[in-house]
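Participant: The structure's right below; bear with me while I get my questions together.
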Amino acid sequence: MITGLLLYTQTDTPRNKWFIDHLVAVCATRGIDLRFAVYDPKHLADETFVRSFDFCVNRTRFVAVNRAFEACGKRCFNNAETVEIGNDKWLTYVLCKDLGIPVMDTCRLNSAAVSIAAPFVVKSRNGHGGNEVFWAQDTTMLANLPLSNASGYIAQEPASDTGVDVRVYVLGGEPIAAVKRTSAADFRSNYSLGGQVELFTPTSDQLRVIDALQGALQADYVGYDFILHNGAWVLNEIEDAVGARMLYSLCDYDVGEAFVRHIAKTMR
Ligand SMILES: Nc1ncnc2c1ncn2[C@@H]1O[C@H](COP(=O)(O)OP(=O)(O)O)[C@@H](O)[C@H]1O
Ligand SMILES: [Mg+2]
């Protein structure tokens with residue numbers, strides 16, 4: 001019997017309850033004993049605990065989970081590179097630059113002078129759900145933003161089209177679906193902030209970018225998010241712990257089932 005650990009943070013657990021139960025149930029039909037746990041750093045220090053699993057589905061966004069499991073030779077979904085880069089908007093920018101993938105001009109906000117011109121989109125490096133994404137019209141507004149000191153920030157050139165983005169879901173290296181999100185009320189199109197969603201057919205340019213990023217990351221299940229700049233789709237971010245609510249709300253495709261099939265195939 002293959003045994004896996006499914007990890008979420010305490011904060012993320014309630015709203016993912018249905019998906020957690022679904023993954024565990026589908027695993028059971030395939031002879032995989034998937035056990036859910038709320039993330040606790042103490043677990044990672046306990047090698048006996050880590051070694052009692054064959055794999056880990058790490059939905060915490062913490063790369064420390066990968067480090068602990070991979071040190072014991074255990075497979076993680078997603079792997080450490082994806083978790084680390086996908087949860088750091090600056091590292092995502094650097095990777096795209098290395099691969100020649102178009103991205104908006106970006107700089108870190110840790111130096112005195114900003115190296116790009118106003119206006120700016122300011123984001124925490126490790127934020128998600130649009131909660132730590134701000135608009136600053138000029139350097140005065142930038143200086144007055146309510147930024148916490150807890151994490152690093154980036155400043156980015158705004159895309160020509162605001163309030164719109166496209167997420168392409170990629171599972172086992174294959175694009176499985178794409179969703180366009182639009183907001184009439186906010187420059188941020190996040191679903192969790194009330195963005196409208198519809199199914200979308202990925203463009204060949206988007207698929208080329210995804211191929212290049214998949215070549216670098218070999219991610220298992222991720223979302224690749226694009227924003228629209230002067231008619232071209234530009235990579236915005238890589239969503240490591242990508243959700244499933246948006247997809248389930250739009251089509252009959254059972255991404256939980258497909259994810260478990262991918263895990264079963266990989267662990268065979
Ligand atoms: N450079 C940008 N130009 C225009 N809109 C942007 C830009 N960056 C982000 N946005 C908008 O803000 C939303 C949230 O930003 P994002 O980088 O995805 O952060 P989060 O990880 O919090 O979702 C995006 O979905 C997009 O609609
Ligand atoms: Mg986003």
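For the structure tokens, the naming scheme is as follows: chains receive sequential letters (A, B, ...) according to their order of presentation, residues are indexed from 1 within each chain, and ligands are indexed from 1 in presentation order.
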Using the chain letters and numbers from this document, which residues of range 36-137 of chain A does DSSP assign to strand (DSSP E or B), as a ChimeraX atom specification?
Facilitator: /A:36-38,55-58,75-77,106-108,120-124,133-136
Participant: Write the residues you've just listed into a file as a PDB file, in the first residue's frame, and include C-alpha atoms for each of them.
Facilitator:
ATOM      1  CA  PHE A  36      -4.411  14.688   5.641  1.00  0.00           C
ATOM      2  CA  ALA A  37      -2.592  16.785   8.244  1.00  0.00           C
ATOM      3  CA  VAL A  38      -2.490  20.446   9.132  1.00  0.00           C
ATOM      4  CA  PHE A  55       5.174  10.899  -0.884  1.00  0.00           C
ATOM      5  CA  CYS A  56       3.865  14.294   0.158  1.00  0.00           C
ATOM      6  CA  VAL A  57       1.324  16.571  -1.501  1.00  0.00           C
ATOM      7  CA  ASN A  58       2.601  19.902  -0.227  1.00  0.00           C
ATOM      8  CA  ARG A  75       8.653  12.501  -3.749  1.00  0.00           C
ATOM      9  CA  CYS A  76       6.810  15.799  -3.305  1.00  0.00           C
ATOM     10  CA  PHE A  77       3.935  17.168  -5.411  1.00  0.00           C
ATOM     11  CA  THR A 106      10.266  44.559 -12.331  1.00  0.00           C
ATOM     12  CA  CYS A 107      12.594  45.612  -9.542  1.00  0.00           C
ATOM     13  CA  ARG A 108      12.929  44.826  -5.862  1.00  0.00           C
ATOM     14  CA  PHE A 120       3.824  50.947 -10.258  1.00  0.00           C
ATOM     15  CA  VAL A 121       2.110  47.732  -9.297  1.00  0.00           C
ATOM     16  CA  VAL A 122       3.610  46.810  -5.931  1.00  0.00           C
ATOM     17  CA  LYS A 123       3.388  43.263  -4.607  1.00  0.00           C
ATOM     18  CA  SER A 124       4.797  41.245  -1.776  1.00  0.00           C
ATOM     19  CA  VAL A 133      -0.996  43.856  -4.433  1.00  0.00           C
ATOM     20  CA  PHE A 134      -1.183  47.669  -4.606  1.00  0.00           C
ATOM     21  CA  TRP A 135      -1.302  50.410  -7.191  1.00  0.00           C
ATOM     22  CA  ALA A 136       1.039  53.405  -6.752  1.00  0.00           C
TER      23      ALA A 136
END
Participant: Residues within 7 Å of ligand 1 should be enumerated using only C-alpha atoms and all ligand atoms and returned as a list in words.
Facilitator: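 Those residues are Met104, Val121, Lys123, Gly127, His128, Gly129, Gly130, Asn131, Glu132, Val133, Gln156, Glu157, Pro158, Ala159, Ser160, Asp161, Thr162, Gly163, Val164, Asp165, Phe187, Arg188, Ser189, Asn190, Ile227, Asn236 and Glu237 of chain A.
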Participant: With N, CA and C atoms kept, could you save the residues just selected as a short mmCIF file (atom, residue, chain, number, x, y, z; two decimals), in the first residue's frame?
Facilitator:
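This is the output file selection-v7.cif:
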data_model
loop_
_atom_site.label_atom_id
_atom_site.label_comp_id
_atom_site.auth_asym_id
_atom_site.auth_seq_id
_atom_site.Cartn_x
_atom_site.Cartn_y
_atom_site.Cartn_z
N MET A 104 6.74 41.72 -17.30
CA MET A 104 6.74 43.17 -17.09
C MET A 104 8.03 43.55 -16.37
N VAL A 121 2.87 48.75 -10.02
CA VAL A 121 2.11 47.73 -9.30
C VAL A 121 3.09 47.16 -8.28
N LYS A 123 3.88 44.53 -5.14
CA LYS A 123 3.39 43.26 -4.61
C LYS A 123 4.40 42.67 -3.64
N GLY A 127 3.00 36.92 -1.69
CA GLY A 127 1.55 37.07 -1.47
C GLY A 127 0.74 36.20 -2.42
N HIS A 128 -0.55 36.07 -2.12
CA HIS A 128 -1.46 35.40 -3.05
C HIS A 128 -2.87 35.89 -2.80
N GLY A 129 -3.75 35.66 -3.77
CA GLY A 129 -5.15 36.09 -3.62
C GLY A 129 -5.34 37.59 -3.82
N GLY A 130 -4.29 38.27 -4.25
CA GLY A 130 -4.40 39.70 -4.55
C GLY A 130 -4.36 40.60 -3.32
N ASN A 131 -4.20 40.00 -2.15
CA ASN A 131 -4.29 40.79 -0.91
C ASN A 131 -3.11 41.72 -0.67
N GLU A 132 -1.97 41.38 -1.24
CA GLU A 132 -0.80 42.23 -1.03
C GLU A 132 -0.31 42.81 -2.35
N VAL A 133 -1.29 43.25 -3.13
CA VAL A 133 -1.00 43.86 -4.43
C VAL A 133 -1.59 45.26 -4.44
N GLN A 156 6.47 46.81 -10.13
CA GLN A 156 6.36 46.30 -11.49
C GLN A 156 5.65 47.32 -12.37
N GLU A 157 6.06 47.36 -13.62
CA GLU A 157 5.38 48.20 -14.61
C GLU A 157 3.96 47.64 -14.82
N PRO A 158 2.93 48.49 -14.81
CA PRO A 158 1.58 47.96 -15.07
C PRO A 158 1.43 47.49 -16.52
N ALA A 159 0.70 46.41 -16.69
CA ALA A 159 0.36 45.96 -18.04
C ALA A 159 -0.64 46.96 -18.63
N SER A 160 -0.71 47.03 -19.98
CA SER A 160 -1.61 48.00 -20.62
C SER A 160 -3.07 47.72 -20.26
N ASP A 161 -3.44 46.44 -20.14
CA ASP A 161 -4.81 46.06 -19.81
C ASP A 161 -4.88 45.66 -18.35
N THR A 162 -5.69 46.32 -17.57
CA THR A 162 -5.82 45.95 -16.16
C THR A 162 -7.15 45.24 -15.94
N GLY A 163 -7.23 44.55 -14.80
CA GLY A 163 -8.47 43.84 -14.46
C GLY A 163 -8.73 42.63 -15.32
N VAL A 164 -7.68 42.05 -15.89
CA VAL A 164 -7.86 40.83 -16.68
C VAL A 164 -6.62 39.95 -16.56
N ASP A 165 -6.84 38.67 -16.43
CA ASP A 165 -5.72 37.73 -16.57
C ASP A 165 -6.24 36.36 -17.00
N PHE A 187 -8.19 46.81 -10.55
CA PHE A 187 -7.15 46.41 -11.51
C PHE A 187 -6.72 44.98 -11.29
N ARG A 188 -7.07 44.42 -10.10
CA ARG A 188 -6.76 43.02 -9.80
C ARG A 188 -7.94 42.13 -10.19
N SER A 189 -7.67 41.07 -10.92
CA SER A 189 -8.76 40.24 -11.44
C SER A 189 -8.97 38.97 -10.62
N ASN A 190 -8.36 38.89 -9.43
CA ASN A 190 -8.45 37.65 -8.64
C ASN A 190 -9.88 37.21 -8.40
N ILE A 227 -0.90 38.10 -17.85
CA ILE A 227 -1.60 39.37 -17.98
C ILE A 227 -1.40 39.89 -19.40
N ASN A 236 2.65 36.40 -15.62
CA ASN A 236 2.54 37.16 -14.37
C ASN A 236 3.02 36.35 -13.19
N GLU A 237 2.49 35.16 -13.02
CA GLU A 237 2.96 34.36 -11.89
C GLU A 237 2.71 32.88 -12.11
#
Participant: Compare A:Asp225, A:Glu198, A:Asp252, A:Asp98 by their minimum atom-to-atom distance to ligand 2, counting only C-alpha atoms and all ligand atoms, and give me the closest one.
Facilitator: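 Nearest candidate to ligand 2 out of A:Asp225, A:Glu198, A:Asp252, A:Asp98: A:Asp225.
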Participant: If you run DSSP on the backbone here, which positions in range 4-251 of chain A get helix (DSSP H, G or I)? Please write them as a ChimeraX atom specification.
Facilitator: /A:14-29,41-45,47-51,63-71,80-86,89-99,139-143,191-193,204-217,245-250
Participant: For Cys27 in chain A, find every residue with an atom within 10 Å (counting only C-alpha atoms), except residues of its own chain fewer than 6 positions away, and show them as an NGL selection string.
Facilitator: :A and (2-4 or 21 or 33-35 or 256-257 or 259-261 or 263-264)
Participant: Considering only C-alpha atoms, can you say which of A:Arg125, A:Thr203, A:Asp88, A:Glu47 comes closest to Val63 in chain A?
Facilitator: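 Ranking A:Arg125, A:Thr203, A:Asp88, A:Glu47 by distance to Val63 in chain A, first place goes to A:Asp88.
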Participant: Just want the 9 Å neighbourhood of Leu95 in chain A, counted on only C-alpha atoms, with same-chain residues fewer than 5 positions away dropped. Output as a CSV table (one decimal) with C-alpha atoms, in the first residue's frame.
Facilitator:
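out_6.csv, freshly written:
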chain,number,residue,atom,x,y,z
A,85,ILE,CA,10.0,29.8,-7.4
A,90,TRP,CA,11.0,38.0,-7.7
A,100,GLY,CA,13.8,34.7,-22.4
A,101,ILE,CA,10.1,34.7,-21.4
A,213,LEU,CA,8.7,26.8,-17.8
A,216,ALA,CA,12.7,24.2,-16.1
Participant: So, with only C-alpha atoms and all ligand atoms as the atoms that count, which of A:Val197, A:Ala219, A:Leu99, A:Val166 lies closest to ligand 2?
Facilitator: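 Among the listed residues, A:Val166 lies closest to ligand 2.
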Participant: Name all residues at most 7 Å from Asn87 in chain A (count only C-alpha atoms; drop same-chain ones fewer than 5 positions away) and give them as an mmCIF file with C-alpha atoms, in the first residue's frame.
Facilitator:
data_model
loop_
_atom_site.group_PDB
_atom_site.id
_atom_site.type_symbol
_atom_site.label_atom_id
_atom_site.label_comp_id
_atom_site.auth_asym_id
_atom_site.auth_seq_id
_atom_site.Cartn_x
_atom_site.Cartn_y
_atom_site.Cartn_z
ATOM 1 C CA ARG A 61 3.619 26.914 -0.057
ATOM 2 C CA ASN A 126 5.125 35.742 -1.472
ATOM 3 C CA ASP A 240 2.147 26.404 -6.984
#
Participant: Of the candidates A:Gln10, A:Lys74, A:Pro119, A:Gly231, which shows the shortest atom-to-atom distance to Asp40 in chain A, using only C-alpha atoms?
Facilitator: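 Among A:Gln10, A:Lys74, A:Pro119, A:Gly231, it is A:Gln10 that comes nearest to Asp40 in chain A.
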Participant: Quick one: residues within 12 Å of Gly73 in chain A, only C-alpha atoms, excluding same-chain residues fewer than 6 positions away - as JSON, numbers by chain?
Facilitator: {"A": [47, 50, 51, 52, 53, 54, 55, 56, 66, 67, 79]}
Participant: Now that the selection is made, can you save its residues with N, CA and C atoms as a short mmCIF file (atom, residue, chain, number, x, y, z; two decimals), in the first residue's frame?
Facilitator:
data_model
loop_
_atom_site.label_atom_id
_atom_site.label_comp_id
_atom_site.auth_asym_id
_atom_site.auth_seq_id
_atom_site.Cartn_x
_atom_site.Cartn_y
_atom_site.Cartn_z
N GLU A 47 12.00 12.70 11.82
CA GLU A 47 12.34 11.89 10.64
C GLU A 47 11.50 10.61 10.56
N VAL A 50 8.34 11.63 8.84
CA VAL A 50 8.56 11.86 7.40
C VAL A 50 8.75 10.53 6.68
N ARG A 51 9.53 9.63 7.27
CA ARG A 51 9.82 8.35 6.62
C ARG A 51 8.62 7.41 6.57
N SER A 52 7.57 7.72 7.33
CA SER A 52 6.40 6.84 7.32
C SER A 52 5.52 7.05 6.08
N PHE A 53 5.89 8.02 5.23
CA PHE A 53 5.12 8.28 4.00
C PHE A 53 5.98 7.99 2.77
N ASP A 54 5.30 7.63 1.68
CA ASP A 54 6.02 7.43 0.42
C ASP A 54 6.11 8.72 -0.38
N PHE A 55 5.16 9.63 -0.15
CA PHE A 55 5.17 10.90 -0.88
C PHE A 55 4.43 11.95 -0.08
N CYS A 56 4.57 13.20 -0.52
CA CYS A 56 3.86 14.29 0.16
C CYS A 56 3.23 15.22 -0.88
N ASN A 66 9.35 20.42 1.43
CA ASN A 66 10.08 19.68 0.39
C ASN A 66 11.46 19.28 0.88
N ARG A 67 12.12 20.23 1.54
CA ARG A 67 13.49 19.95 2.00
C ARG A 67 13.49 18.73 2.92
N ASN A 79 7.44 19.72 -6.67
CA ASN A 79 8.82 19.62 -6.24
C ASN A 79 9.33 20.94 -5.64
#
